[in-house]
$ cat protein_7.tsv   # TSV, C-alpha atoms and all ligand atoms
chain	number	residue	atom	x	y	z
Z	1	MET	CA	-105.82	139.82	138.32
Z	2	ALA	CA	-109.20	138.29	139.21
Z	3	LEU	CA	-110.84	136.50	136.30
Z	4	VAL	CA	-114.40	137.61	135.44
Z	5	LYS	CA	-117.01	135.51	133.67
Z	6	PRO	CA	-118.61	137.40	130.71
Z	7	ASP	CA	-122.42	137.85	130.87
Z	8	GLY	CA	-124.91	136.16	128.57
Z	9	TYR	CA	-124.67	133.19	126.26
Z	10	TYR	CA	-121.67	132.62	124.05
Z	11	PRO	CA	-120.57	129.34	122.47
Z	12	LEU	CA	-117.44	128.11	124.20
Z	13	THR	CA	-114.20	127.31	122.42
Z	14	GLU	CA	-111.39	125.21	123.87
Z	15	SER	CA	-109.65	128.36	125.10
Z	16	SER	CA	-112.76	130.08	126.54
Z	17	ALA	CA	-113.84	126.80	128.22
Z	18	LEU	CA	-110.42	126.63	129.86
Z	19	GLU	CA	-110.72	130.27	130.99
Z	20	LEU	CA	-114.21	129.54	132.37
Z	21	ALA	CA	-112.87	126.61	134.40
Z	22	LYS	CA	-110.28	128.91	135.96
Z	23	THR	CA	-112.80	131.74	136.49
Z	24	LEU	CA	-115.09	129.37	138.34
Z	25	GLY	CA	-112.22	128.41	140.62
Z	26	PHE	CA	-111.78	124.80	139.50
Z	27	PHE	CA	-108.06	125.47	138.86
Z	28	ASP	CA	-105.51	128.07	139.89
Z	29	GLU	CA	-105.10	131.04	137.57
Z	30	TYR	CA	-101.52	130.14	136.60
Z	31	GLU	CA	-101.95	126.35	136.50
Z	32	GLU	CA	-100.88	124.74	133.20
Z	33	LEU	CA	-103.97	123.07	131.76
Z	34	PHE	CA	-105.12	121.15	128.70
Z	35	CYS	CA	-108.57	121.45	127.14
Z	36	SER	CA	-110.07	119.41	124.31
Z	37	GLU	CA	-113.57	119.23	122.84
Z	38	ILE	CA	-114.50	115.54	122.99
Z	39	GLY	CA	-118.25	115.62	122.25
Z	40	ASP	CA	-119.33	112.97	119.78
Z	41	GLY	CA	-123.07	113.25	120.40
Z	42	ASN	CA	-125.66	114.99	118.26
Z	43	LEU	CA	-126.40	118.09	120.27
Z	44	ASN	CA	-123.76	119.57	122.59
Z	45	TYR	CA	-120.17	120.61	123.13
Z	46	VAL	CA	-118.23	118.59	125.68
Z	47	PHE	CA	-114.89	119.97	126.88
Z	48	ARG	CA	-112.42	118.01	128.97
Z	49	ILE	CA	-110.16	120.25	131.02
Z	50	GLY	CA	-107.40	119.16	133.35
Z	51	THR	CA	-103.93	119.62	134.67
Z	52	LYS	CA	-101.14	118.55	132.33
Z	53	LEU	CA	-100.25	115.62	134.61
Z	54	TYR	CA	-103.90	114.51	134.83
Z	55	GLU	CA	-104.04	114.87	138.64
Z	56	LYS	CA	-107.33	116.71	138.29
Z	57	SER	CA	-109.85	117.03	135.46
Z	58	ILE	CA	-113.45	118.11	134.89
Z	59	ILE	CA	-116.00	118.12	132.09
Z	60	ILE	CA	-117.74	121.28	130.90
Z	61	LYS	CA	-120.79	120.45	128.84
Z	62	GLN	CA	-122.53	123.23	126.92
Z	63	ALA	CA	-125.80	123.09	125.02
Z	64	LEU	CA	-125.73	124.76	121.60
Z	65	PRO	CA	-128.76	126.75	120.40
Z	66	TYR	CA	-129.16	124.26	117.55
Z	67	ALA	CA	-128.69	120.51	116.96
Z	68	LYS	CA	-125.02	119.92	116.09
Z	69	VAL	CA	-125.97	116.86	114.02
Z	70	VAL	CA	-128.20	118.90	111.66
Z	71	GLY	CA	-126.79	122.45	111.91
Z	72	GLU	CA	-128.25	125.90	112.56
Z	73	SER	CA	-131.37	125.05	110.54
Z	74	MET	CA	-132.56	123.02	113.54
Z	75	PRO	CA	-132.80	125.48	116.47
Z	76	LEU	CA	-132.99	123.91	119.91
Z	77	THR	CA	-133.76	125.31	123.33
Z	78	LEU	CA	-130.87	125.98	125.72
Z	79	LYS	CA	-133.21	125.06	128.58
Z	80	ARG	CA	-132.21	121.44	128.01
Z	81	ALA	CA	-128.97	122.03	129.96
Z	82	GLU	CA	-131.01	122.94	133.04
Z	83	ILE	CA	-133.33	119.94	132.51
Z	84	GLU	CA	-130.29	117.66	132.25
Z	85	SER	CA	-128.62	118.86	135.43
Z	86	SER	CA	-131.93	118.86	137.36
Z	87	ALA	CA	-132.64	115.30	136.19
Z	88	LEU	CA	-129.16	114.11	137.17
Z	89	THR	CA	-129.62	115.72	140.58
Z	90	LYS	CA	-133.04	114.08	140.99
Z	91	PHE	CA	-131.80	110.62	139.87
Z	92	ARG	CA	-128.84	110.96	142.26
Z	93	GLU	CA	-131.34	111.00	145.19
Z	94	PHE	CA	-132.37	107.42	144.35
Z	95	THR	CA	-129.22	105.95	142.87
Z	96	PRO	CA	-126.19	108.09	143.75
Z	97	ASP	CA	-123.61	105.78	142.20
Z	98	SER	CA	-125.30	105.60	138.78
Z	99	VAL	CA	-124.88	109.21	137.62
Z	100	PRO	CA	-121.94	111.63	137.36
Z	101	LYS	CA	-121.39	114.23	140.08
Z	102	ILE	CA	-122.51	117.76	139.14
Z	103	PHE	CA	-120.20	120.54	140.40
Z	104	TYR	CA	-121.80	123.66	138.88
Z	105	THR	CA	-124.59	124.76	136.54
Z	106	ASP	CA	-125.12	128.04	134.69
Z	107	THR	CA	-128.53	128.31	133.08
Z	108	GLU	CA	-127.71	131.42	131.02
Z	109	LEU	CA	-124.55	129.92	129.53
Z	110	ALA	CA	-126.30	126.51	129.29
Z	111	VAL	CA	-123.29	124.97	130.98
Z	112	THR	CA	-122.92	122.04	133.37
Z	113	VAL	CA	-119.62	121.27	135.04
Z	114	MET	CA	-119.39	117.63	136.03
Z	115	GLU	CA	-117.22	114.72	136.99
Z	116	ASP	CA	-114.78	113.57	134.30
Z	117	LEU	CA	-115.50	109.96	133.39
Z	118	SER	CA	-112.65	109.56	130.92
Z	119	ASP	CA	-111.57	106.31	132.56
Z	120	TYR	CA	-114.93	104.87	131.43
Z	121	LYS	CA	-115.90	103.82	127.90
Z	122	ILE	CA	-119.12	104.60	126.06
Z	123	LEU	CA	-121.13	101.37	126.15
Z	124	ARG	CA	-121.95	101.51	122.44
Z	125	LYS	CA	-118.23	101.58	121.52
Z	126	ALA	CA	-117.39	98.89	124.05
Z	127	LEU	CA	-120.10	96.57	122.69
Z	128	ILE	CA	-118.94	97.21	119.11
Z	129	ASP	CA	-115.42	96.27	120.27
Z	130	GLY	CA	-116.86	93.01	121.64
Z	131	GLN	CA	-116.23	93.80	125.30
Z	132	GLU	CA	-118.39	92.30	128.04
Z	133	PHE	CA	-119.62	93.84	131.29
Z	134	PRO	CA	-121.11	91.21	133.62
Z	135	LEU	CA	-122.41	93.81	136.09
Z	136	LEU	CA	-124.17	95.94	133.45
Z	137	PRO	CA	-127.64	94.32	133.86
Z	138	VAL	CA	-127.54	94.73	137.66
Z	139	HIS	CA	-126.50	98.37	137.35
Z	140	ILE	CA	-128.99	99.30	134.60
Z	141	GLY	CA	-131.88	97.21	136.00
Z	142	THR	CA	-131.43	98.79	139.45
Z	143	TYR	CA	-131.07	102.31	138.03
Z	144	LEU	CA	-134.26	101.87	135.99
Z	145	ALA	CA	-136.28	100.42	138.87
Z	146	ARG	CA	-135.24	103.05	141.41
Z	147	THR	CA	-135.56	106.16	139.22
Z	148	LEU	CA	-138.82	105.03	137.61
Z	149	PHE	CA	-140.43	103.79	140.85
Z	150	PHE	CA	-139.47	106.71	143.11
Z	151	THR	CA	-140.67	109.38	140.65
Z	152	SER	CA	-144.00	107.62	139.98
Z	153	ASP	CA	-147.36	107.84	141.78
Z	154	PHE	CA	-146.34	104.63	143.55
Z	155	GLY	CA	-143.19	106.12	145.09
Z	156	LEU	CA	-144.34	109.71	145.61
Z	157	ASN	CA	-147.45	111.37	146.96
Z	158	GLY	CA	-149.69	112.89	144.31
Z	159	ARG	CA	-148.84	116.50	145.07
Z	160	ASP	CA	-145.06	116.07	144.93
Z	161	LYS	CA	-145.36	114.04	141.76
Z	162	LYS	CA	-147.43	116.70	140.01
Z	163	GLU	CA	-144.93	119.36	141.04
Z	164	LEU	CA	-142.17	117.28	139.42
Z	165	VAL	CA	-144.26	116.76	136.27
Z	166	GLY	CA	-144.42	120.57	136.01
Z	167	ARG	CA	-140.69	121.05	136.58
Z	168	PHE	CA	-139.83	118.61	133.83
Z	169	ILE	CA	-142.06	119.87	131.02
Z	170	ASN	CA	-139.69	119.53	128.06
Z	171	PRO	CA	-141.69	120.26	124.88
Z	172	GLU	CA	-138.85	120.91	122.41
Z	173	LEU	CA	-136.89	117.77	123.19
Z	174	CYS	CA	-140.07	115.66	123.37
Z	175	LYS	CA	-140.99	116.98	119.91
Z	176	ILE	CA	-137.72	115.58	118.56
Z	177	THR	CA	-138.64	112.13	119.88
Z	178	GLU	CA	-142.25	112.43	118.73
Z	179	ASP	CA	-141.02	113.17	115.20
Z	180	LEU	CA	-137.83	111.14	114.91
Z	181	VAL	CA	-138.87	108.01	116.83
Z	182	PHE	CA	-142.63	107.83	116.43
Z	183	THR	CA	-143.61	109.63	113.21
Z	184	ASP	CA	-141.08	110.28	110.46
Z	185	PRO	CA	-139.77	106.70	110.04
Z	186	PHE	CA	-143.33	105.49	109.42
Z	187	TYR	CA	-143.95	108.08	106.69
Z	188	ASP	CA	-142.05	109.17	103.57
Z	189	HIS	CA	-140.46	112.10	105.40
Z	190	ASP	CA	-137.42	114.14	104.31
Z	191	SER	CA	-135.58	113.46	107.55
Z	192	ASN	CA	-135.38	109.71	106.81
Z	193	ASP	CA	-132.05	108.33	105.68
Z	194	PHE	CA	-131.38	104.80	104.39
Z	195	GLU	CA	-129.47	102.87	101.73
Z	196	GLU	CA	-131.23	102.69	98.34
Z	197	GLU	CA	-131.08	98.88	98.63
Z	198	LEU	CA	-133.59	99.15	101.51
Z	199	ARG	CA	-136.11	101.26	99.59
Z	200	GLU	CA	-138.49	98.43	98.68
Z	201	LYS	CA	-138.55	97.23	102.28
Z	202	VAL	CA	-139.03	100.74	103.66
Z	203	GLU	CA	-141.81	101.55	101.19
Z	204	ALA	CA	-143.59	98.35	102.22
Z	205	LEU	CA	-143.37	99.55	105.82
Z	206	TRP	CA	-144.84	102.92	104.87
Z	207	ASP	CA	-147.72	101.13	103.09
Z	208	ASP	CA	-148.43	98.91	106.08
Z	209	ASN	CA	-151.47	100.38	107.78
Z	210	ILE	CA	-151.36	97.89	110.64
Z	211	VAL	CA	-147.82	98.94	111.60
Z	212	ARG	CA	-148.83	102.61	111.34
Z	213	LEU	CA	-151.85	102.05	113.55
Z	214	GLU	CA	-149.74	100.37	116.24
Z	215	ALA	CA	-146.94	102.96	115.98
Z	216	GLY	CA	-149.63	105.65	116.33
Z	217	LYS	CA	-150.92	104.01	119.52
Z	218	LEU	CA	-147.39	103.86	120.96
Z	219	LYS	CA	-146.84	107.52	120.07
Z	220	ARG	CA	-150.04	108.43	121.91
Z	221	LYS	CA	-148.78	106.62	125.00
Z	222	PHE	CA	-145.53	108.61	124.80
Z	223	LEU	CA	-147.52	111.85	124.45
Z	224	THR	CA	-149.99	111.27	127.26
Z	225	GLN	CA	-148.87	108.72	129.86
Z	226	ALA	CA	-147.02	110.65	132.58
Z	227	ASP	CA	-145.90	107.66	134.69
Z	228	SER	CA	-142.41	108.62	135.84
Z	229	LEU	CA	-139.48	110.94	135.27
Z	230	LEU	CA	-137.73	109.32	132.32
Z	231	HIS	CA	-134.17	109.69	131.17
Z	232	GLY	CA	-135.79	110.03	127.75
Z	233	ASP	CA	-132.81	109.02	125.59
Z	234	LEU	CA	-131.40	105.89	127.20
Z	235	HIS	CA	-129.46	104.43	124.28
Z	236	THR	CA	-126.03	102.83	124.66
Z	237	GLY	CA	-124.33	106.17	123.85
Z	238	SER	CA	-125.83	107.57	127.08
Z	239	ILE	CA	-124.11	104.96	129.24
Z	240	PHE	CA	-120.49	104.94	130.42
Z	241	VAL	CA	-119.00	101.64	131.55
Z	242	LYS	CA	-115.98	100.05	133.10
Z	243	GLN	CA	-115.70	96.53	134.46
Z	244	ASP	CA	-117.03	97.30	137.93
Z	245	ASP	CA	-119.13	100.42	137.35
Z	246	THR	CA	-121.78	102.00	135.12
Z	247	LYS	CA	-122.80	105.67	134.84
Z	248	ILE	CA	-125.86	107.01	133.08
Z	249	ILE	CA	-125.32	110.40	131.43
Z	250	ASP	CA	-127.13	112.92	129.21
Z	251	PRO	CA	-130.75	113.05	130.44
Z	252	GLU	CA	-131.52	116.26	128.50
Z	253	PHE	CA	-134.64	114.55	127.07
Z	254	ALA	CA	-135.97	113.95	130.62
Z	255	PHE	CA	-139.74	114.38	131.06
Z	256	TYR	CA	-142.69	112.55	132.58
Z	257	GLY	CA	-143.56	109.67	130.27
Z	258	PRO	CA	-144.38	105.95	130.14
Z	259	ILE	CA	-142.02	103.73	132.17
Z	260	GLY	CA	-141.49	101.30	129.28
Z	261	PHE	CA	-139.88	103.99	127.13
Z	262	ASP	CA	-136.56	104.04	129.02
Z	263	VAL	CA	-136.49	100.26	129.33
Z	264	GLY	CA	-137.40	99.86	125.65
Z	265	GLN	CA	-134.70	102.21	124.37
Z	266	PHE	CA	-132.04	100.35	126.32
Z	267	ILE	CA	-133.23	96.96	125.06
Z	268	ALA	CA	-133.52	98.23	121.48
Z	269	ASN	CA	-129.94	99.45	121.42
Z	270	ILE	CA	-128.66	96.11	122.75
Z	271	LEU	CA	-130.67	94.36	120.01
Z	272	LEU	CA	-129.23	96.75	117.39
Z	273	ASN	CA	-125.75	95.79	118.56
Z	274	SER	CA	-126.70	92.11	118.44
Z	275	LEU	CA	-127.87	92.49	114.82
Z	276	SER	CA	-124.45	93.87	113.90
Z	277	ARG	CA	-122.62	90.85	115.32
Z	278	PRO	CA	-122.07	87.21	114.29
Z	279	LYS	CA	-124.77	84.73	115.34
Z	280	GLU	CA	-122.63	83.17	118.07
Z	281	ASP	CA	-122.69	86.51	119.96
Z	282	HIS	CA	-126.50	86.78	119.99
Z	283	PRO	CA	-127.17	84.67	123.12
Z	284	GLY	CA	-124.78	86.88	125.12
Z	285	ARG	CA	-126.57	90.05	123.97
Z	286	LEU	CA	-130.00	88.52	124.71
Z	287	LYS	CA	-128.74	87.60	128.18
Z	288	ILE	CA	-128.00	91.28	128.85
Z	289	ILE	CA	-131.66	92.00	128.03
Z	290	SER	CA	-133.14	89.13	130.09
Z	291	ASP	CA	-130.90	89.84	133.08
Z	292	THR	CA	-131.66	93.58	132.96
Z	293	TRP	CA	-135.41	92.93	132.80
Z	294	ASN	CA	-135.19	90.39	135.66
Z	295	VAL	CA	-133.24	92.79	137.88
Z	296	PHE	CA	-135.60	95.65	136.97
Z	297	SER	CA	-138.78	93.69	137.73
Z	298	SER	CA	-137.53	92.16	140.98
Z	299	GLU	CA	-136.16	95.50	142.26
Z	300	PHE	CA	-139.39	97.27	141.20
Z	301	THR	CA	-141.34	94.58	143.07
Z	302	ASN	CA	-139.24	95.06	146.24
Z	303	LEU	CA	-139.76	98.83	146.10
Z	304	TRP	CA	-143.48	98.31	145.51
Z	305	LEU	CA	-143.76	96.05	148.58
Z	306	GLU	CA	-141.72	98.34	150.84
Z	307	HIS	CA	-142.49	101.88	149.71
Z	308	ASN	CA	-145.74	102.01	147.76
Z	309	GLN	CA	-147.91	105.03	148.66
Z	310	GLU	CA	-150.89	104.04	146.50
Z	311	THR	CA	-153.84	102.51	148.38
Z	312	TYR	CA	-154.53	100.03	145.57
Z	313	SER	CA	-150.98	98.65	145.71
Z	314	THR	CA	-152.01	95.76	147.99
Z	315	THR	CA	-154.86	94.73	145.69
Z	316	ALA	CA	-154.20	91.23	144.36
Z	317	GLY	CA	-153.13	91.34	140.73
Z	318	TYR	CA	-152.29	95.06	140.54
Z	319	LEU	CA	-148.47	94.73	140.58
Z	320	ASP	CA	-148.64	91.96	137.94
Z	321	HIS	CA	-150.88	94.17	135.81
Z	322	ILE	CA	-148.42	97.09	136.03
Z	323	LEU	CA	-145.36	94.94	135.27
Z	324	GLY	CA	-147.23	93.32	132.36
Z	325	GLU	CA	-148.11	96.71	130.92
Z	326	ILE	CA	-144.53	97.98	131.34
Z	327	PHE	CA	-143.19	94.90	129.54
Z	328	GLU	CA	-145.65	95.22	126.65
Z	329	ASP	CA	-144.78	98.94	126.25
Z	330	THR	CA	-141.06	98.15	126.51
Z	331	ILE	CA	-141.29	95.75	123.57
Z	332	GLY	CA	-143.35	98.17	121.46
Z	333	PHE	CA	-141.10	101.17	122.16
Z	334	ALA	CA	-138.05	99.00	121.43
Z	335	GLY	CA	-139.55	98.21	118.03
Z	336	CYS	CA	-139.99	101.93	117.21
Z	337	GLU	CA	-136.43	102.70	118.36
Z	338	ILE	CA	-134.96	99.89	116.22
Z	339	ILE	CA	-136.78	101.15	113.13
Z	340	ARG	CA	-135.85	104.79	113.62
Z	341	ARG	CA	-132.16	103.96	114.23
Z	342	THR	CA	-132.18	102.02	110.95
Z	343	ILE	CA	-134.07	104.26	108.52
Z	344	GLY	CA	-134.60	107.55	110.38
Z	345	LEU	CA	-132.41	110.62	110.86
Z	346	SER	CA	-130.24	109.43	113.71
Z	347	HIS	CA	-128.46	106.13	113.11
Z	348	VAL	CA	-126.25	103.93	115.28
Z	349	ALA	CA	-122.58	103.15	114.71
Z	350	ASP	CA	-123.30	99.46	115.40
Z	351	LEU	CA	-125.10	99.14	112.03
Z	352	ASP	CA	-123.62	102.05	110.05
Z	353	GLY	CA	-120.12	100.87	110.98
Z	354	ILE	CA	-120.51	97.54	109.13
Z	355	SER	CA	-118.13	98.27	106.25
Z	356	ASP	CA	-119.23	95.46	103.92
Z	357	LYS	CA	-122.31	96.86	102.17
Z	358	ASN	CA	-124.09	93.52	101.65
Z	359	ARG	CA	-123.67	92.64	105.30
Z	360	ARG	CA	-124.81	96.09	106.35
Z	361	VAL	CA	-127.95	95.98	104.21
Z	362	LYS	CA	-128.74	92.46	105.47
Z	363	ALA	CA	-128.36	93.59	109.11
Z	364	LYS	CA	-130.60	96.60	108.45
Z	365	THR	CA	-133.19	94.44	106.67
Z	366	ASP	CA	-133.24	92.18	109.74
Z	367	ALA	CA	-133.54	95.27	111.95
Z	368	ILE	CA	-136.61	96.53	110.08
Z	369	ASP	CA	-138.20	93.06	110.33
Z	370	LEU	CA	-137.39	92.83	114.03
Z	371	GLY	CA	-138.68	96.34	114.80
Z	372	ARG	CA	-141.91	95.62	112.93
Z	373	ARG	CA	-142.46	92.32	114.74
Z	374	LEU	CA	-141.84	93.86	118.15
Z	375	ILE	CA	-144.38	96.62	117.47
Z	376	LEU	CA	-147.02	94.19	116.17
Z	377	GLN	CA	-146.47	91.35	118.60
Z	378	ARG	CA	-145.86	93.28	121.81
Z	379	LYS	CA	-148.99	91.79	123.40
Z	380	ILE	CA	-147.91	88.23	122.54
Z	381	ILE	CA	-144.30	88.44	123.76
Z	382	LYS	CA	-144.59	87.85	127.49
Z	383	ASN	CA	-140.99	87.59	128.66
Z	384	PRO	CA	-137.51	88.54	127.38
Z	385	GLY	CA	-136.59	84.86	126.85
Z	386	GLN	CA	-139.04	84.81	123.91
Z	387	LEU	CA	-136.92	87.41	122.08
Z	388	ALA	CA	-134.57	84.57	121.14
Z	389	LEU	CA	-137.26	83.43	118.67
Z	390	TYR	CA	-137.39	86.83	116.99
Y	1	LIG	C1	-131.52	115.80	116.31
Y	1	LIG	S1	-131.18	114.85	117.69
Y	1	LIG	C2	-131.14	113.20	117.15
Y	1	LIG	C3	-131.11	112.23	118.25
Y	1	LIG	O1	-130.00	112.45	119.09
Y	1	LIG	C4	-130.37	112.31	120.45
Y	1	LIG	O2	-129.45	111.57	121.17
Y	1	LIG	C5	-131.75	111.68	120.43
Y	1	LIG	O3	-131.69	110.28	120.40
Y	1	LIG	C6	-132.29	112.26	119.18
Y	1	LIG	O4	-133.42	111.54	118.70
Y	2	MG	MG	-127.52	112.46	124.18

$ encode --input "protein_7.tsv" --output "structure tokens"
Amino acid sequence: MALVKPDGYYPLTESSALELAKTLGFFDEYEELFCSEIGDGNLNYVFRIGTKLYEKSIIIKQALPYAKVVGESMPLTLKRAEIESSALTKFREFTPDSVPKIFYTDTELAVTVMEDLSDYKILRKALIDGQEFPLLPVHIGTYLARTLFFTSDFGLNGRDKKELVGRFINPELCKITEDLVFTDPFYDHDSNDFEEELREKVEALWDDNIVRLEAGKLKRKFLTQADSLLHGDLHTGSIFVKQDDTKIIDPEFAFYGPIGFDVGQFIANILLNSLSRPKEDHPGRLKIISDTWNVFSSEFTNLWLEHNQETYSTTAGYLDHILGEIFEDTIGFAGCEIIRRTIGLSHVADLDGISDKNRRVKAKTDAIDLGRRLILQRKIIKNPGQLALY
């Protein structure tokens, strides 16, 4: 009997996801399969489906009409599934080895079928476990340079770029970032969440008009500066690693924004991990940041010299100006990300997982101080080596 896919949207279960995989022809009708929901993110279902002997497996990812982390009180557009698969497809043009393969998308069901990366580990977990990945900076720095250069006005002609800006308008997901990263943590907002022991520190932050002013300026950049197609949520939970490979997943927040935002989120999440670890591990974490920035800026420079379509690109000083601006934004956005992951709605396991309360509160106090300094001193910090002093 031929299997038929039901019409319309319905939230998948392990058994209906398995049926869907068969209906779409990924497996034979009578093949014995397993299916488990493995999603540990904030927003979506992720089903892993495969043959019992693991010869073949796929991932079915489905967007829910609300944020899983909050519940049905926070409705969320299903269009993000289409944005995610279009962004992965676009990024694949510039860096095919850095993103998972997409096998199928269904806009109505908000489903993407993709390569199973179960032999990889989520970078956040691997860093918490103290693992090291010497090739990570090369992979991430190259991914950032290629995706951000080739979708910008430097790598594309103006018409094609504007068409892409239009395709990646993503108001609902951008609103989440505008609120959760750039606004709520700097105000006494209901969505904030922190240990009572941090209250005095957090209230001092809310009373600090200079921090608010600078956070406001960074938010405006995020709202208005359509440099490049961003991943939009490049924290260490959006990166899969193994010793010799790195894959970037989950670009459902993709939109045209300031280049430093992606770089800053990555750096911030490495710093958050560093804050959760003993002092002797800090130089190793800072090296990930310096090496990633160095790979990013030298690859961006090579692309600029070889492929730039902008007439002004050969003007002396212009490349240095752009890289300087990206670095300053990177540091500022990193500061906002560190603060929101510490006192906002969406935390990180690196800090929340510190079981000793005194140690946890101390690490979070340091995180607030660090985030604040990065926001305020982003024009003074000129290279990643200086972060060692912070
Ligand atoms: C309600 S969504 C909370 C966070 O999860 C996503 O991964 C984004 O980082 C978002 O800010
Ligand atoms: Mg995500």

$ residues_near_ligand --input "protein_7.tsv" --ligand "ligand MG 2 (chain Y)" --cutoff "9 Å" --atoms "all atoms listed in the file" --output "PyMOL selection string"
chain Z and resi 41-44+233-235+237-238+249-253

$ closest_residue --input "protein_7.tsv" --among "Z:Met74, Z:Leu374, Z:Val165, Z:Val138" --to "ligand LIG 1 (chain Y)" --atoms "all atoms listed in the file"
Z:Met74

$ atom_distance --input "protein_7.tsv" --atom1 "CA of Leu76 (chain Z)" --atom2 "CA of Pro185 (chain Z)"
21.0 Å

$ closest_residue --input "protein_7.tsv" --among "Z:Leu109, Z:Ile338, Z:Leu164, Z:Leu205" --to "ligand LIG 1 (chain Y)" --atoms "all atoms listed in the file"
Z:Ile338

$ residues_near_ligand --input "protein_7.tsv" --ligand "ligand LIG 1 (chain Y)" --cutoff "6 Å" --atoms "only C-alpha atoms and all ligand atoms" --output "CSV table (one decimal) with C-alpha atoms, in the frame of the given file"
chain,number,residue,atom,x,y,z
Z,42,ASN,CA,-125.7,115.0,118.3
Z,67,ALA,CA,-128.7,120.5,117.0
Z,176,ILE,CA,-137.7,115.6,118.6
Z,177,THR,CA,-138.6,112.1,119.9
Z,180,LEU,CA,-137.8,111.1,114.9
Z,233,ASP,CA,-132.8,109.0,125.6
Z,346,SER,CA,-130.2,109.4,113.7
